[in-house]
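A short worksheet on the structure shown next.
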Amino acid sequence: MKGKHKIVVKNNRLHYEFEIKRNITIIKGDSATGKTTLINMIRQFANLGNASGIEIECDAPCTVLEGNMWQMLLKNLSGNIIFIDEENQFIRQQEFAELVKASDNYFVIITRENLYNLPYSVEEIYGLYSSGKYQNTKQIYQEMYHISEKQTQSYIFA
């Protein structure tokens with residue numbers, strides 16, 4: 001899989017819309033911002049289809065990776081966008097990192113921690129923010145350098 005993929009996940013109450021550009025995207029954020037709700041909606045759609053009341057618009061299949069059988073599932077998935085919640089301890093394991101690197105899937109990982117085993121770009125770290133019923137992602141580290149430059153300048157001139 002290569003290129004950008006626009007993902008829309010919605011029901012009658014919530015609407016998530018974002019675009020991923022690389023094979024590993026990280027979503028960070030405080031509690032109660034809707035990160036786990038996004039995963040739950042994708043899981044419900046996978047389990048119940050249209051009967052779930054959830055719609056997913058994407059040019060690739062979206063799936064949730066979780067549980068004790070994650071290695072077997074991951075080895076058998078190809079061309080998917082795989083969502084993983086932070087409660088899954090395997091995201092910190094070296095074996096997981098190696099399988100991700102060898103995979104042709106895209107990964108959207110929800111975590112508050114740094115994942116040092118994975119080669120992800122700072123440009124692909126997003127935060128989740130809410131605007132009414134619409135949930136959106138925004139890059140949270142894109143302007144980190146501007147903040148650092150201001151802090152550095154204040155230290156120099158102080």
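By convention here, the chains of the structure tokens are called A, B, ... in the order presented, each chain's residues are numbered starting at 1, and ligands are numbered starting at 1 in the order presented.
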Name the residues in contact with Tyr116 (chain A) at a cut-off of 12 Å, using only C-alpha atoms, excluding same-chain residues fewer than 4 positions from it; report them as a PyMOL selection string.
chain A and resi 91-94+96-97+120-121
Give me the residues within 12 Å of Asp85 (chain A) as number ranges by chain, counting only C-alpha atoms and dropping any in the same chain fewer than 2 places off.
A: 26-28, 34-40, 42-43, 63-67, 82-83, 87-92, 107-113
Could you dump the residues just selected with N, CA and C atoms as an mmCIF file, in the first residue's frame?
data_model
loop_
_atom_site.group_PDB
_atom_site.id
_atom_site.type_symbol
_atom_site.label_atom_id
_atom_site.label_comp_id
_atom_site.auth_asym_id
_atom_site.auth_seq_id
_atom_site.Cartn_x
_atom_site.Cartn_y
_atom_site.Cartn_z
ATOM 1 N N ILE A 26 0.340 7.974 14.326
ATOM 2 C CA ILE A 26 0.097 7.926 15.764
ATOM 3 C C ILE A 26 -0.970 8.963 16.103
ATOM 4 N N ILE A 27 -1.955 8.569 16.909
ATOM 5 C CA ILE A 27 -2.944 9.515 17.430
ATOM 6 C C ILE A 27 -2.761 9.570 18.936
ATOM 7 N N LYS A 28 -2.486 10.780 19.427
ATOM 8 C CA LYS A 28 -2.313 11.005 20.863
ATOM 9 C C LYS A 28 -3.427 11.916 21.345
ATOM 10 N N GLY A 34 -12.099 10.978 22.570
ATOM 11 C CA GLY A 34 -12.726 10.188 21.518
ATOM 12 C C GLY A 34 -11.819 9.200 20.816
ATOM 13 N N LYS A 35 -10.621 8.994 21.320
ATOM 14 C CA LYS A 35 -9.690 8.066 20.673
ATOM 15 C C LYS A 35 -10.221 6.632 20.699
ATOM 16 N N THR A 36 -10.587 6.161 21.860
ATOM 17 C CA THR A 36 -11.092 4.792 21.988
ATOM 18 C C THR A 36 -12.459 4.652 21.326
ATOM 19 N N THR A 37 -13.244 5.701 21.309
ATOM 20 C CA THR A 37 -14.535 5.671 20.618
ATOM 21 C C THR A 37 -14.335 5.400 19.131
ATOM 22 N N LEU A 38 -13.317 6.000 18.542
ATOM 23 C CA LEU A 38 -13.007 5.743 17.132
ATOM 24 C C LEU A 38 -12.733 4.260 16.905
ATOM 25 N N ILE A 39 -11.896 3.664 17.746
ATOM 26 C CA ILE A 39 -11.579 2.233 17.641
ATOM 27 C C ILE A 39 -12.854 1.391 17.810
ATOM 28 N N ASN A 40 -13.668 1.739 18.798
ATOM 29 C CA ASN A 40 -14.904 0.986 19.048
ATOM 30 C C ASN A 40 -15.853 1.034 17.854
ATOM 31 N N ILE A 42 -15.009 1.409 14.668
ATOM 32 C CA ILE A 42 -14.454 0.570 13.600
ATOM 33 C C ILE A 42 -14.682 -0.906 13.924
ATOM 34 N N ARG A 43 -14.491 -1.284 15.183
ATOM 35 C CA ARG A 43 -14.726 -2.666 15.610
ATOM 36 C C ARG A 43 -16.195 -3.053 15.408
ATOM 37 N N THR A 63 -9.564 -2.188 9.829
ATOM 38 C CA THR A 63 -9.771 -3.248 10.807
ATOM 39 C C THR A 63 -9.083 -2.888 12.115
ATOM 40 N N VAL A 64 -9.504 -3.532 13.186
ATOM 41 C CA VAL A 64 -8.908 -3.323 14.507
ATOM 42 C C VAL A 64 -8.085 -4.559 14.844
ATOM 43 N N LEU A 65 -6.850 -4.343 15.285
ATOM 44 C CA LEU A 65 -5.979 -5.437 15.715
ATOM 45 C C LEU A 65 -5.902 -5.411 17.230
ATOM 46 N N GLU A 66 -6.223 -6.553 17.849
ATOM 47 C CA GLU A 66 -6.219 -6.628 19.309
ATOM 48 C C GLU A 66 -6.209 -8.080 19.745
ATOM 49 N N GLY A 67 -5.954 -8.288 21.016
ATOM 50 C CA GLY A 67 -6.073 -9.614 21.598
ATOM 51 C C GLY A 67 -4.821 -10.463 21.511
ATOM 52 N N ILE A 82 -4.900 -0.692 9.647
ATOM 53 C CA ILE A 82 -5.082 -1.396 10.912
ATOM 54 C C ILE A 82 -5.048 -0.393 12.056
ATOM 55 N N PHE A 83 -6.088 -0.385 12.859
ATOM 56 C CA PHE A 83 -6.194 0.495 14.019
ATOM 57 C C PHE A 83 -5.882 -0.300 15.276
ATOM 58 N N GLU A 87 -4.374 0.109 24.819
ATOM 59 C CA GLU A 87 -4.519 -0.927 25.847
ATOM 60 C C GLU A 87 -3.832 -2.231 25.448
ATOM 61 N N ASN A 88 -3.475 -2.379 24.190
ATOM 62 C CA ASN A 88 -2.794 -3.581 23.707
ATOM 63 C C ASN A 88 -1.297 -3.474 23.976
ATOM 64 N N GLN A 89 -0.822 -4.268 24.906
ATOM 65 C CA GLN A 89 0.576 -4.203 25.333
ATOM 66 C C GLN A 89 1.556 -4.583 24.229
ATOM 67 N N PHE A 90 1.100 -5.339 23.245
ATOM 68 C CA PHE A 90 2.017 -5.800 22.202
ATOM 69 C C PHE A 90 2.607 -4.667 21.368
ATOM 70 N N ILE A 91 2.007 -3.479 21.377
ATOM 71 C CA ILE A 91 2.545 -2.381 20.565
ATOM 72 C C ILE A 91 3.930 -1.944 21.028
ATOM 73 N N ARG A 92 4.329 -2.322 22.222
ATOM 74 C CA ARG A 92 5.640 -1.959 22.753
ATOM 75 C C ARG A 92 6.691 -3.044 22.510
ATOM 76 N N PHE A 107 -0.818 1.505 9.534
ATOM 77 C CA PHE A 107 -1.157 1.350 10.943
ATOM 78 C C PHE A 107 -1.519 2.701 11.540
ATOM 79 N N VAL A 108 -2.631 2.747 12.252
ATOM 80 C CA VAL A 108 -3.034 3.917 13.030
ATOM 81 C C VAL A 108 -3.035 3.448 14.477
ATOM 82 N N ILE A 109 -2.075 3.964 15.246
ATOM 83 C CA ILE A 109 -1.884 3.499 16.618
ATOM 84 C C ILE A 109 -2.258 4.617 17.575
ATOM 85 N N ILE A 110 -3.164 4.311 18.478
ATOM 86 C CA ILE A 110 -3.583 5.276 19.486
ATOM 87 C C ILE A 110 -2.789 4.995 20.751
ATOM 88 N N THR A 111 -1.978 5.968 21.141
ATOM 89 C CA THR A 111 -1.139 5.795 22.327
ATOM 90 C C THR A 111 -0.727 7.149 22.871
ATOM 91 N N ARG A 112 -0.456 7.184 24.155
ATOM 92 C CA ARG A 112 0.079 8.398 24.783
ATOM 93 C C ARG A 112 1.586 8.280 24.981
ATOM 94 N N GLU A 113 2.114 7.089 24.739
ATOM 95 C CA GLU A 113 3.537 6.837 24.951
ATOM 96 C C GLU A 113 4.303 6.917 23.634
#
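The gap separating CA of Phe45 (chain A) from CA of Leu73 (chain A) is 17.7 Å, in Å to one decimal.
Distance-wise, CA of Asn117 (chain A) and CA of Lys75 (chain A) end up 18.4 Å apart.
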Hey, what does DSSP flag as strand (DSSP E) within region 35-118 of chain A? Can you give it to me as a ChimeraX atom specification?
/A:55-57,62-64,81-84,106-110
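Comparing the minimum interatomic distances between Gly127 (chain A) and each of A:Glu57, A:Thr33, A:Ile7, A:Gly79, counting only C-alpha atoms, we find that A:Thr33 sits nearest.
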Using the chain letters and numbers from this document, which residues of region 16-80 of chain A does DSSP assign to alpha helix (DSSP H), as a list of chain:residue names?
A:Lys35, A:Thr36, A:Thr37, A:Leu38, A:Ile39, A:Asn40, A:Met41, A:Ile42, A:Arg43, A:Gln44, A:Phe45, A:Ala46, A:Asn47, A:Leu48, A:Trp70, A:Gln71, A:Met72, A:Leu73, A:Leu74, A:Lys75
Residues just named, written with N, CA and C atoms as a PDB file, in the first residue's frame:
ATOM      1  N   LYS A  35     -10.621   8.994  21.320  1.00  0.00           N
ATOM      2  CA  LYS A  35      -9.690   8.066  20.673  1.00  0.00           C
ATOM      3  C   LYS A  35     -10.221   6.632  20.699  1.00  0.00           C
ATOM      4  N   THR A  36     -10.587   6.161  21.860  1.00  0.00           N
ATOM      5  CA  THR A  36     -11.092   4.792  21.988  1.00  0.00           C
ATOM      6  C   THR A  36     -12.459   4.652  21.326  1.00  0.00           C
ATOM      7  N   THR A  37     -13.244   5.701  21.309  1.00  0.00           N
ATOM      8  CA  THR A  37     -14.535   5.671  20.618  1.00  0.00           C
ATOM      9  C   THR A  37     -14.335   5.400  19.131  1.00  0.00           C
ATOM     10  N   LEU A  38     -13.317   6.000  18.542  1.00  0.00           N
ATOM     11  CA  LEU A  38     -13.007   5.743  17.132  1.00  0.00           C
ATOM     12  C   LEU A  38     -12.733   4.260  16.905  1.00  0.00           C
ATOM     13  N   ILE A  39     -11.896   3.664  17.746  1.00  0.00           N
ATOM     14  CA  ILE A  39     -11.579   2.233  17.641  1.00  0.00           C
ATOM     15  C   ILE A  39     -12.854   1.391  17.810  1.00  0.00           C
ATOM     16  N   ASN A  40     -13.668   1.739  18.798  1.00  0.00           N
ATOM     17  CA  ASN A  40     -14.904   0.986  19.048  1.00  0.00           C
ATOM     18  C   ASN A  40     -15.853   1.034  17.854  1.00  0.00           C
ATOM     19  N   MET A  41     -15.932   2.185  17.207  1.00  0.00           N
ATOM     20  CA  MET A  41     -16.807   2.308  16.041  1.00  0.00           C
ATOM     21  C   MET A  41     -16.313   1.435  14.889  1.00  0.00           C
ATOM     22  N   ILE A  42     -15.009   1.409  14.668  1.00  0.00           N
ATOM     23  CA  ILE A  42     -14.454   0.570  13.600  1.00  0.00           C
ATOM     24  C   ILE A  42     -14.682  -0.906  13.924  1.00  0.00           C
ATOM     25  N   ARG A  43     -14.491  -1.284  15.183  1.00  0.00           N
ATOM     26  CA  ARG A  43     -14.726  -2.666  15.610  1.00  0.00           C
ATOM     27  C   ARG A  43     -16.195  -3.053  15.408  1.00  0.00           C
ATOM     28  N   GLN A  44     -17.116  -2.169  15.811  1.00  0.00           N
ATOM     29  CA  GLN A  44     -18.549  -2.464  15.648  1.00  0.00           C
ATOM     30  C   GLN A  44     -18.910  -2.644  14.182  1.00  0.00           C
ATOM     31  N   PHE A  45     -18.361  -1.791  13.325  1.00  0.00           N
ATOM     32  CA  PHE A  45     -18.648  -1.919  11.898  1.00  0.00           C
ATOM     33  C   PHE A  45     -18.111  -3.242  11.358  1.00  0.00           C
ATOM     34  N   ALA A  46     -16.909  -3.634  11.797  1.00  0.00           N
ATOM     35  CA  ALA A  46     -16.325  -4.909  11.351  1.00  0.00           C
ATOM     36  C   ALA A  46     -17.177  -6.089  11.803  1.00  0.00           C
ATOM     37  N   ASN A  47     -17.728  -6.014  12.997  1.00  0.00           N
ATOM     38  CA  ASN A  47     -18.522  -7.122  13.541  1.00  0.00           C
ATOM     39  C   ASN A  47     -19.949  -7.166  13.006  1.00  0.00           C
ATOM     40  N   LEU A  48     -20.567  -5.997  12.829  1.00  0.00           N
ATOM     41  CA  LEU A  48     -21.996  -5.953  12.495  1.00  0.00           C
ATOM     42  C   LEU A  48     -22.310  -5.389  11.116  1.00  0.00           C
ATOM     43  N   TRP A  70      -2.929 -11.592  17.972  1.00  0.00           N
ATOM     44  CA  TRP A  70      -2.531 -10.491  17.110  1.00  0.00           C
ATOM     45  C   TRP A  70      -1.475 -10.885  16.079  1.00  0.00           C
ATOM     46  N   GLN A  71      -0.514 -11.753  16.447  1.00  0.00           N
ATOM     47  CA  GLN A  71       0.539 -12.133  15.496  1.00  0.00           C
ATOM     48  C   GLN A  71      -0.063 -12.844  14.285  1.00  0.00           C
ATOM     49  N   MET A  72      -0.912 -13.823  14.537  1.00  0.00           N
ATOM     50  CA  MET A  72      -1.523 -14.581  13.453  1.00  0.00           C
ATOM     51  C   MET A  72      -2.382 -13.671  12.571  1.00  0.00           C
ATOM     52  N   LEU A  73      -3.167 -12.809  13.208  1.00  0.00           N
ATOM     53  CA  LEU A  73      -4.014 -11.892  12.445  1.00  0.00           C
ATOM     54  C   LEU A  73      -3.176 -10.960  11.584  1.00  0.00           C
ATOM     55  N   LEU A  74      -2.132 -10.381  12.163  1.00  0.00           N
ATOM     56  CA  LEU A  74      -1.302  -9.428  11.434  1.00  0.00           C
ATOM     57  C   LEU A  74      -0.593 -10.094  10.259  1.00  0.00           C
ATOM     58  N   LYS A  75      -0.103 -11.290  10.452  1.00  0.00           N
ATOM     59  CA  LYS A  75       0.589 -12.009   9.373  1.00  0.00           C
ATOM     60  C   LYS A  75      -0.341 -12.320   8.208  1.00  0.00           C
TER      61      LYS A  75
END
note - CA of Leu128 (chain A) and CA of Asn11 (chain A) are separated by 17.4 Å
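For region 58-61 of chain A, the list of residues within 12 Å, based on only C-alpha atoms and with local chain neighbours fewer than 6 positions off taken out, reads Met1, Lys2, Gly3, Lys4, His5, Lys6, Ile7, Val8, Val9, Lys10, Tyr16, Glu17, Phe18, Glu19, Ile20, Ile42, Phe45, Ala46, Leu77, Ser78, Gly79, Asn80, Ile81, Ile82, Phe83, Asp104, Asn105, Tyr106 and Phe107 of chain A.
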